[in-house]
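Next comes target.txt, with compact mmCIF, C-alpha atoms and all ligand atoms.
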```
# COMPACT_ATOMS: atom_id res chain seq x y z
CA MET K 237 105.26 97.03 99.51
CA HIS K 238 105.13 98.00 103.16
CA SER K 239 104.97 94.62 104.85
CA THR K 240 108.25 93.20 106.03
CA VAL K 241 109.39 89.67 105.50
CA ARG K 242 112.10 87.63 107.11
CA ALA K 243 113.63 84.25 106.57
CA ALA K 244 112.05 81.41 108.50
CA VAL K 245 114.97 79.12 107.73
CA PRO K 246 118.68 79.82 107.18
CA ALA K 247 119.57 79.97 103.49
CA ASP K 248 122.16 77.25 104.07
CA ASP K 249 119.49 74.84 105.24
CA ALA K 250 117.59 75.19 102.00
CA ARG K 251 120.17 74.37 99.37
CA SER K 252 117.77 72.58 97.08
CA ILE K 253 115.68 75.67 96.38
CA PRO K 254 116.18 77.90 93.33
CA ALA K 255 119.13 80.28 93.49
CA GLU K 256 116.82 83.29 93.33
CA TRP K 257 115.00 82.08 96.42
CA GLN K 258 118.29 81.59 98.24
CA THR K 259 119.27 85.14 97.43
CA ILE K 260 116.01 86.30 98.94
CA LEU K 261 116.53 84.21 102.06
CA ARG K 262 119.93 85.82 102.53
CA LEU K 263 118.50 89.31 102.04
CA CYS K 264 115.83 88.78 104.65
CA ALA K 265 117.87 86.93 107.26
CA GLY K 266 117.86 89.94 109.63
CA PRO K 267 115.10 91.45 111.77
CA GLY K 268 112.75 91.85 108.82
CA ILE K 269 113.08 93.72 105.53
CA ALA K 270 110.37 95.72 103.76
CA VAL K 271 109.07 94.27 100.52
CA ALA K 272 109.84 97.65 98.95
CA GLU K 273 113.46 97.40 100.05
CA LEU K 274 113.80 93.81 98.94
CA ALA K 275 112.36 94.66 95.52
CA ALA K 276 114.84 97.51 95.14
CA ARG K 277 117.75 95.26 96.13
CA LEU K 278 116.60 92.61 93.66
CA ASP K 279 116.19 95.28 91.01
CA MET K 280 112.56 94.34 90.54
CA ARG K 281 109.31 96.23 90.65
CA VAL K 282 107.26 95.80 93.79
CA THR K 283 104.44 93.67 92.36
CA PRO K 284 106.59 90.96 90.73
CA ALA K 285 108.74 90.86 93.87
CA ALA K 286 105.61 90.38 95.98
CA VAL K 287 104.48 87.53 93.71
CA LEU K 288 107.84 85.85 94.18
CA LEU K 289 107.68 86.33 97.92
CA ALA K 290 104.22 84.79 98.05
CA GLN K 291 105.74 81.56 96.72
CA LEU K 292 108.36 81.50 99.47
CA LEU K 293 105.68 82.26 102.02
CA GLU K 294 103.63 79.33 100.76
CA GLN K 295 106.63 77.05 101.22
CA GLY K 296 107.11 78.26 104.77
CA LEU K 297 110.51 79.70 103.90
CA ILE K 298 109.69 83.22 105.05
CA GLU K 299 107.24 84.90 107.37
CA HIS K 300 105.72 88.33 106.96
CA ARG K 301 104.42 91.14 109.07
CA PRO K 302 102.17 94.03 108.00
CA PRO K 303 102.82 97.55 109.28
CA MET K 304 101.44 98.57 112.63
CA SER K 305 98.49 100.84 112.11
CA ASP K 306 95.60 99.09 113.66
CA PRO K 307 94.24 101.39 116.35
CA ASP K 308 94.55 98.61 118.92
CA ALA K 309 98.18 98.12 118.19
CA MET K 310 98.88 101.82 118.01
CA ASN K 311 98.25 102.52 121.63
CA ILE K 312 99.73 105.58 123.27
CA ASP K 313 102.38 103.59 125.08
CA PHE K 314 103.63 102.15 121.85
CA LEU K 315 103.64 105.58 120.19
CA ARG K 316 105.60 106.95 123.14
CA ARG K 317 108.12 104.15 122.89
CA ILE K 318 108.62 104.88 119.20
CA ARG K 319 109.09 108.52 120.05
CA SER K 320 111.70 107.93 122.71
CA GLY K 321 113.48 105.39 120.51
CA LEU K 322 113.62 107.97 117.74
CA GLU K 323 114.99 110.55 120.13
CA ARG K 324 117.89 108.26 120.92
CA ALA K 325 118.41 107.08 117.34
CA MET A 78 115.29 66.91 98.69
CA ASN A 79 115.97 68.54 101.93
CA GLU A 80 112.70 69.83 103.23
CA PRO A 81 113.02 72.95 105.37
CA ASP A 82 111.71 72.66 108.87
CA THR A 83 108.27 74.06 109.21
CA LEU A 84 108.19 77.01 111.52
CA ALA A 85 106.68 76.36 114.88
CA PRO A 86 104.43 79.37 115.37
CA ASP A 87 105.28 79.57 119.04
CA ALA A 88 109.00 79.17 118.53
CA VAL A 89 110.86 81.82 120.42
CA ARG A 90 113.19 83.55 118.01
CA ASP A 91 114.80 86.92 118.10
CA ALA A 92 112.31 89.74 117.99
CA TYR A 93 110.67 90.40 114.66
CA LEU A 94 110.22 94.14 115.02
CA PRO A 95 106.89 95.61 113.98
CA PRO A 96 107.20 97.78 110.87
CA VAL A 97 105.81 101.30 111.02
CA LYS A 98 105.04 103.04 107.75
CA ILE A 99 105.49 106.79 107.32
CA LEU A 100 104.97 108.70 104.08
CA VAL A 101 107.14 111.64 103.07
CA ALA A 102 105.18 113.64 100.51
CA GLY A 103 105.18 117.03 98.86
CA GLY A 104 105.40 118.53 95.42
CA PHE A 105 108.11 118.46 92.81
CA GLY A 106 111.58 119.29 94.09
CA VAL A 107 110.66 120.11 97.71
CA GLY A 108 113.34 117.86 99.17
CA LYS A 109 111.66 114.44 99.66
CA THR A 110 114.63 112.40 98.45
CA THR A 111 117.05 114.58 100.40
CA ALA A 112 115.02 114.26 103.60
CA VAL A 113 114.63 110.47 103.37
CA GLY A 114 118.34 110.13 102.64
CA ALA A 115 119.38 112.40 105.51
CA VAL A 116 117.54 110.45 108.20
CA SER A 117 117.71 106.88 106.85
CA GLU A 118 120.23 104.41 108.25
CA ILE A 119 120.66 102.92 104.79
CA THR A 120 121.44 104.64 101.52
CA PRO A 121 117.95 105.44 100.28
CA LEU A 122 116.64 103.04 97.69
CA ARG A 123 114.43 103.68 94.73
CA THR A 124 111.47 101.35 94.45
CA GLU A 125 109.27 101.18 91.41
CA GLU A 126 105.67 100.19 91.11
CA ARG A 127 103.58 99.86 88.00
CA LEU A 128 100.07 101.20 88.30
CA SER A 129 97.39 100.33 85.86
CA ALA A 130 94.17 102.24 85.64
CA ALA A 131 92.09 99.09 85.94
CA GLY A 132 88.92 99.89 87.81
CA VAL A 133 88.73 103.41 86.52
CA GLY A 134 86.10 102.30 84.07
CA VAL A 135 87.52 103.15 80.68
CA ASP A 136 87.43 99.52 79.60
CA ASP A 137 83.73 99.18 80.18
CA LEU A 138 82.90 101.64 77.48
CA SER A 139 84.29 99.86 74.48
CA GLY A 140 85.93 96.73 75.79
CA ILE A 141 88.85 97.35 73.48
CA GLU A 142 90.46 100.34 75.07
CA GLN A 143 94.01 99.78 76.28
CA LYS A 144 94.47 99.96 80.01
CA SER A 145 96.56 102.96 80.79
CA ALA A 146 99.56 102.17 82.93
CA THR A 147 102.24 104.22 84.51
CA THR A 148 105.33 103.57 86.56
CA VAL A 149 105.81 105.49 89.76
CA ALA A 150 109.02 105.56 91.78
CA MET A 151 109.33 105.96 95.52
CA ASP A 152 112.28 106.59 97.79
CA PHE A 153 112.68 104.10 100.58
CA GLY A 154 114.62 104.55 103.79
CA ARG A 155 114.47 103.07 107.27
CA ILE A 156 115.36 103.71 110.89
CA THR A 157 115.61 100.68 113.18
CA LEU A 158 114.54 101.44 116.74
CA ASP A 159 114.49 99.11 119.72
CA VAL A 160 110.70 98.70 119.49
CA ALA A 161 109.97 99.04 115.78
CA VAL A 162 111.40 99.66 112.34
CA LEU A 163 110.33 102.96 110.82
CA MET A 164 109.90 102.63 107.07
CA LEU A 165 110.01 105.93 105.22
CA PHE A 166 108.40 106.12 101.81
CA GLY A 167 109.17 109.20 99.76
CA THR A 168 106.11 109.44 97.54
CA PRO A 169 106.41 110.13 93.83
CA GLY A 170 105.48 113.59 92.70
CA GLN A 171 102.77 112.46 90.28
CA GLU A 172 99.91 113.01 92.72
CA ARG A 173 97.36 112.54 89.99
CA PHE A 174 98.03 108.81 90.18
CA TRP A 175 97.73 108.48 93.93
CA PHE A 176 94.00 107.87 93.83
CA MET A 177 94.43 104.57 92.02
CA TRP A 178 97.18 103.39 94.27
CA ASP A 179 95.58 101.41 97.07
CA ASP A 180 98.89 100.47 98.59
CA LEU A 181 100.10 104.01 99.08
CA LEU A 182 98.02 104.78 102.18
CA ARG A 183 97.42 101.27 103.42
CA GLY A 184 99.05 100.70 106.75
CA ALA A 185 100.48 104.22 106.98
CA LEU A 186 100.66 105.63 110.48
CA GLY A 187 101.14 109.21 109.39
CA ALA A 188 102.78 111.46 106.87
CA VAL A 189 105.10 114.40 106.53
CA VAL A 190 104.19 116.95 103.86
CA LEU A 191 107.22 118.91 102.77
CA VAL A 192 106.65 122.41 101.46
CA ASP A 193 108.89 124.95 99.83
CA THR A 194 107.43 128.30 100.91
CA ARG A 195 108.44 129.88 97.61
CA ARG A 196 106.23 127.34 95.84
CA LEU A 197 103.55 126.36 98.30
CA ASP A 198 101.15 125.44 95.51
CA ARG A 199 103.25 122.39 94.68
CA SER A 200 102.26 120.79 97.96
CA PHE A 201 98.52 121.56 97.88
CA ALA A 202 97.71 118.19 96.32
CA ALA A 203 99.46 116.24 99.07
CA VAL A 204 97.72 118.25 101.81
CA ASP A 205 94.32 117.71 100.18
CA PHE A 206 94.97 114.04 99.70
CA PHE A 207 95.87 113.31 103.32
CA GLU A 208 93.12 115.56 104.69
CA SER A 209 90.49 113.83 102.60
CA ARG A 210 91.79 110.40 103.68
CA ASP A 211 92.09 111.43 107.35
CA LEU A 212 95.73 110.46 107.59
CA PRO A 213 97.42 112.53 110.33
CA PHE A 214 100.32 114.58 109.03
CA VAL A 215 102.72 117.38 109.88
CA VAL A 216 103.80 120.11 107.51
CA ALA A 217 107.56 120.66 107.30
CA ALA A 218 108.74 123.86 105.63
CA ASN A 219 112.13 123.52 104.04
CA CYS A 220 114.42 126.46 104.71
CA PHE A 221 116.22 126.47 101.41
CA HIS A 222 118.24 129.56 102.19
CA GLY A 223 118.86 128.93 105.83
CA GLU A 224 116.06 131.25 106.75
CA GLN A 225 112.35 131.33 106.39
CA ASP A 226 110.44 134.39 105.25
CA TYR A 227 107.14 133.06 106.52
CA ASP A 228 105.99 132.12 109.98
CA PRO A 229 103.97 128.98 110.64
CA GLU A 230 100.66 130.84 110.82
CA GLU A 231 101.20 132.40 107.41
CA ILE A 232 101.97 128.98 106.00
CA ARG A 233 98.90 127.53 107.69
CA ASP A 234 96.71 130.20 106.12
CA ALA A 235 98.25 129.84 102.70
CA LEU A 236 97.77 126.08 102.75
CA THR A 237 94.23 126.48 104.18
CA LEU A 238 94.83 123.60 106.55
CA ARG A 239 91.57 122.11 107.70
CA GLU A 240 92.78 120.84 111.06
CA PRO A 241 94.04 123.63 113.37
CA SER A 242 96.12 121.15 115.35
CA THR A 243 98.19 120.09 112.33
CA PRO A 244 101.75 121.02 113.33
CA ILE A 245 103.96 123.15 111.09
CA VAL A 246 107.68 122.89 111.62
CA MET A 247 110.66 124.51 109.96
CA PHE A 248 113.45 122.20 108.89
CA ASP A 249 116.44 121.58 106.69
CA ALA A 250 116.08 118.44 104.58
CA ARG A 251 119.84 117.96 104.40
CA ARG A 252 120.31 117.65 108.14
CA ARG A 253 119.66 114.39 109.89
CA ASP A 254 118.76 115.87 113.28
CA SER A 255 116.47 118.35 111.60
CA VAL A 256 114.55 115.65 109.71
CA ARG A 257 114.44 113.57 112.87
CA GLY A 258 112.88 116.59 114.59
CA VAL A 259 110.12 116.52 111.98
CA LEU A 260 109.47 112.84 112.70
CA LEU A 261 109.39 113.60 116.43
CA ALA A 262 106.81 116.32 115.73
CA LEU A 263 104.76 113.74 113.84
CA MET A 264 104.97 111.33 116.80
CA ASP A 265 103.89 114.11 119.19
CA HIS A 266 100.96 114.85 116.92
CA LEU A 267 99.95 111.19 116.79
CA ILE A 268 100.27 110.86 120.56
CA ALA A 269 98.18 114.00 121.15
CA SER A 270 95.54 112.78 118.68
CA ALA A 271 95.40 109.41 120.41
CA GLN A 272 94.66 110.95 123.82
CA PRO A 273 91.02 110.88 124.74
CA ALA A 274 89.85 114.49 124.51
CA HIS A 275 88.74 114.66 128.14
CA ALA A 276 92.13 113.52 129.39
CA GLN A 277 94.14 116.10 127.53
CA ARG A 278 94.34 118.71 130.23
CA THR A 279 94.67 116.56 133.29
N1 LIG K 401 119.50 124.60 100.37
C1 LIG K 401 118.75 123.51 100.46
N2 LIG K 401 118.62 122.72 99.39
C2 LIG K 401 117.86 121.61 99.50
C3 LIG K 401 117.18 121.29 100.69
N3 LIG K 401 116.44 120.17 100.48
C4 LIG K 401 116.69 119.81 99.22
N4 LIG K 401 117.53 120.67 98.62
C5 LIG K 401 117.98 120.61 97.22
O1 LIG K 401 116.84 120.77 96.41
C6 LIG K 401 116.88 119.90 95.29
C7 LIG K 401 115.67 118.99 95.24
O2 LIG K 401 115.70 118.11 96.34
P1 LIG K 401 115.13 116.61 96.22
O3 LIG K 401 115.39 115.99 97.57
O4 LIG K 401 115.66 115.93 95.05
O5 LIG K 401 113.60 116.90 96.05
P2 LIG K 401 112.44 115.85 95.72
O6 LIG K 401 111.26 116.31 96.48
O7 LIG K 401 112.91 114.47 96.00
O8 LIG K 401 112.27 116.09 94.17
P3 LIG K 401 111.44 115.21 93.13
O9 LIG K 401 111.63 113.77 93.51
O10 LIG K 401 112.04 115.54 91.80
O11 LIG K 401 110.02 115.67 93.24
C8 LIG K 401 118.18 119.13 95.39
O12 LIG K 401 119.12 119.75 94.57
C9 LIG K 401 118.56 119.27 96.86
O13 LIG K 401 119.95 119.23 97.04
C10 LIG K 401 117.35 122.16 101.82
O14 LIG K 401 116.79 121.96 102.90
N5 LIG K 401 118.13 123.26 101.66
MG MG K 402 112.94 112.80 94.66
```
Please express what this file holds, its structure, as structure tokens.
Amino acid sequence: MHSTVRAAVPADDARSIPAEWQTILRLCAGPGIAVAELAARLDMRVTPAAVLLAQLLEQGLIEHRPPMSDPDAMNIDFLRRIRSGLERA
Amino acid sequence: MNEPDTLAPDAVRDAYLPPVKILVAGGFGVGKTTAVGAVSEITPLRTEERLSAAGVGVDDLSGIEQKSATTVAMDFGRITLDVAVLMLFGTPGQERFWFMWDDLLRGALGAVVLVDTRRLDRSFAAVDFFESRDLPFVVAANCFHGEQDYDPEEIRDALTLREPSTPIVMFDARRRDSVRGVLLALMDHLIASAQPAHAQRT
């Protein structure tokens, strides 16, 4: 629910895929969209949406990224950058 | 059939921003939905998840017992920064189901526990849950009437917070800058906790 996904190919380049998959490709064409958000926009529960996304992932149509929480990734510099970004947001 | 290009892993594409997960918790009616909506750049969404009590052990007894299942609903909002996307998850009030929800805490960087000082008891469960799981959090007291009858130390005592460094801030869930202030307090707390103890006063 908390990973983000994004399209690995433009929806227009994948016309032969099911319409539902194309909708998903369009929804995740930006800088990454949370599975939770995508599920809500598709009017689905999180688990079935994740199952669907796994199929697109398998086909190489999308890529995914888990949330940053690993202590290595969460170094102080990164935390500070988030903080200053938030201050300006 | 027009086969999509396989993605070259080293292909340079526009930045895929790292997602950062933050939970917004607290008891019934404390302002979770309001707070997520006030600070989110999108209209907050409602996401549903179905939890089944598999693994709790009821099935083992008879083999015929129905698995109990429940649907929980979360609020979702986001704030896109230059270095990351903050994902805000307003947790559902049914804390009694949290224990069987592996995904709730996974990947969370920290949490905000909202409290209504007139009904502090409603947020005890969230405080206990995050303390027992060691997830850093800040307490945000919602000033429902524009003023607060309690000071932070009174709230700290009433909540019996385990960690003396857990910040307590006053806020208004309806105001964007106020909720953002709560998130900034959470970031300060995470930054302070990440400092090696010996370096803190240099
Ligand atoms: N005056 C005032 N009212 C608030 C504030 N925050 C929330 N409210 C109101 O309090 C009520 C409950 O707020 P919600 O945001 O729905 O609370 P919640 O925690 O999402 O509630 P549940 O999801 O039902 O547990 C709503 O009518 C809000 O408009 C606040 O800071 N000040
Ligand atoms: Mg709500």
Non-local contacts of Pro303 in chain K (12 Å; only C-alpha atoms; under 2 positions in same chain excluded) as a PyMOL selection string: (chain K and resi 237-241+268-271+300-301+305-307+309-310) or (chain A and resi 93-99+161-165+180+182-187)
Output the contact residues of chain K with respect to chain A at a cut-off of 7 Å, based on all atoms listed in the file, as a tab-separated table (two decimals) with C-alpha atoms, in the coordinates of the input.
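Saved file out_9.tsv follows:
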```tsv
chain	number	residue	atom	x	y	z
K	238	HIS	CA	105.13	98.00	103.16
K	240	THR	CA	108.25	93.20	106.03
K	244	ALA	CA	112.05	81.41	108.50
K	245	VAL	CA	114.97	79.12	107.73
K	249	ASP	CA	119.49	74.84	105.24
K	250	ALA	CA	117.59	75.19	102.00
K	252	SER	CA	117.77	72.58	97.08
K	267	PRO	CA	115.10	91.45	111.77
K	268	GLY	CA	112.75	91.85	108.82
K	272	ALA	CA	109.84	97.65	98.95
K	273	GLU	CA	113.46	97.40	100.05
K	275	ALA	CA	112.36	94.66	95.52
K	276	ALA	CA	114.84	97.51	95.14
K	281	ARG	CA	109.31	96.23	90.65
K	282	VAL	CA	107.26	95.80	93.79
K	283	THR	CA	104.44	93.67	92.36
K	296	GLY	CA	107.11	78.26	104.77
K	302	PRO	CA	102.17	94.03	108.00
K	303	PRO	CA	102.82	97.55	109.28
K	304	MET	CA	101.44	98.57	112.63
K	305	SER	CA	98.49	100.84	112.11
K	312	ILE	CA	99.73	105.58	123.27
K	315	LEU	CA	103.64	105.58	120.19
K	317	ARG	CA	108.12	104.15	122.89
K	318	ILE	CA	108.62	104.88	119.20
K	319	ARG	CA	109.09	108.52	120.05
K	321	GLY	CA	113.48	105.39	120.51
K	322	LEU	CA	113.62	107.97	117.74
K	325	ALA	CA	118.41	107.08	117.34
```
Work out how far apart CA of Leu278 in chain K and CA of Glu299 in chain K are and give it in Å to one decimal. 18.3 Å
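With the cut-off set to 9 Å and all atoms listed in the file counted, the residues surrounding ligand MG 402 (chain K) are Phe105, Gly106, Val107, Gly108, Lys109, Thr110, Thr111, Ala150, Met151, Asp152, Gly167, Thr168, Pro169 and Gly170 of chain A.
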What is the distance between CA of Asp193 in chain A and CA of Asn219 in chain A, in Å to one decimal? 5.5 Å
Using only C-alpha atoms for the distances, tell me which of A:Ser209, A:Thr243, A:Ser255, A:Thr194 is nearest to Tyr227 in chain A. A:Thr194
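In this structure, CA of Phe206 in chain A sits 19.2 Å away from atom O5 of ligand LIG 401 (chain K).
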If you count only C-alpha atoms, which residues fall within 9 Å of Gln258 in chain K, apart from same-chain ones fewer than 6 positions away, as a ChimeraX atom specification? /K:247-248,250-251
Nearest-residue call for Gly114 in chain A, choices A:Leu238, A:Arg252, A:Val259, A:Leu191, using all atoms listed in the file: A:Arg252
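Shortest separation to Glu231 in chain A among A:Phe207, A:Ile245, A:Thr120, A:Ala217 occurs at residue A:Ile245, atoms counted being only C-alpha atoms.
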Taking all listed atoms of range 272-286 of chain K, build the axis-aligned box, pad each of the six sides by 4 Å, then write its centre and edge lengths in Å to one decimal as AutoDock Vina command-line options.
```
--center_x 111.1 --center_y 94.0 --center_z 95.3 --size_x 21.3 --size_y 15.3 --size_z 17.5
```
For Leu288 in chain K, which residue out of K:Asn311, K:Arg324, K:Pro254, K:Pro246 is the nearest one, using only C-alpha atoms? K:Pro254
Do you know which residues lie at most 12 Å from (106.6, 130.2, 104.4), with coordinates as in the file and all atoms listed in the file counted, and could you write them as a PyMOL selection string? chain A and resi 191-198+216-222+224-236+245-248
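Nearest-residue note for ligand LIG 401 (chain K): choosing from A:Ser200, A:Ser242, A:Ser129, A:Thr237, the minimum distance belongs to A:Ser200, counting all atoms listed in the file.
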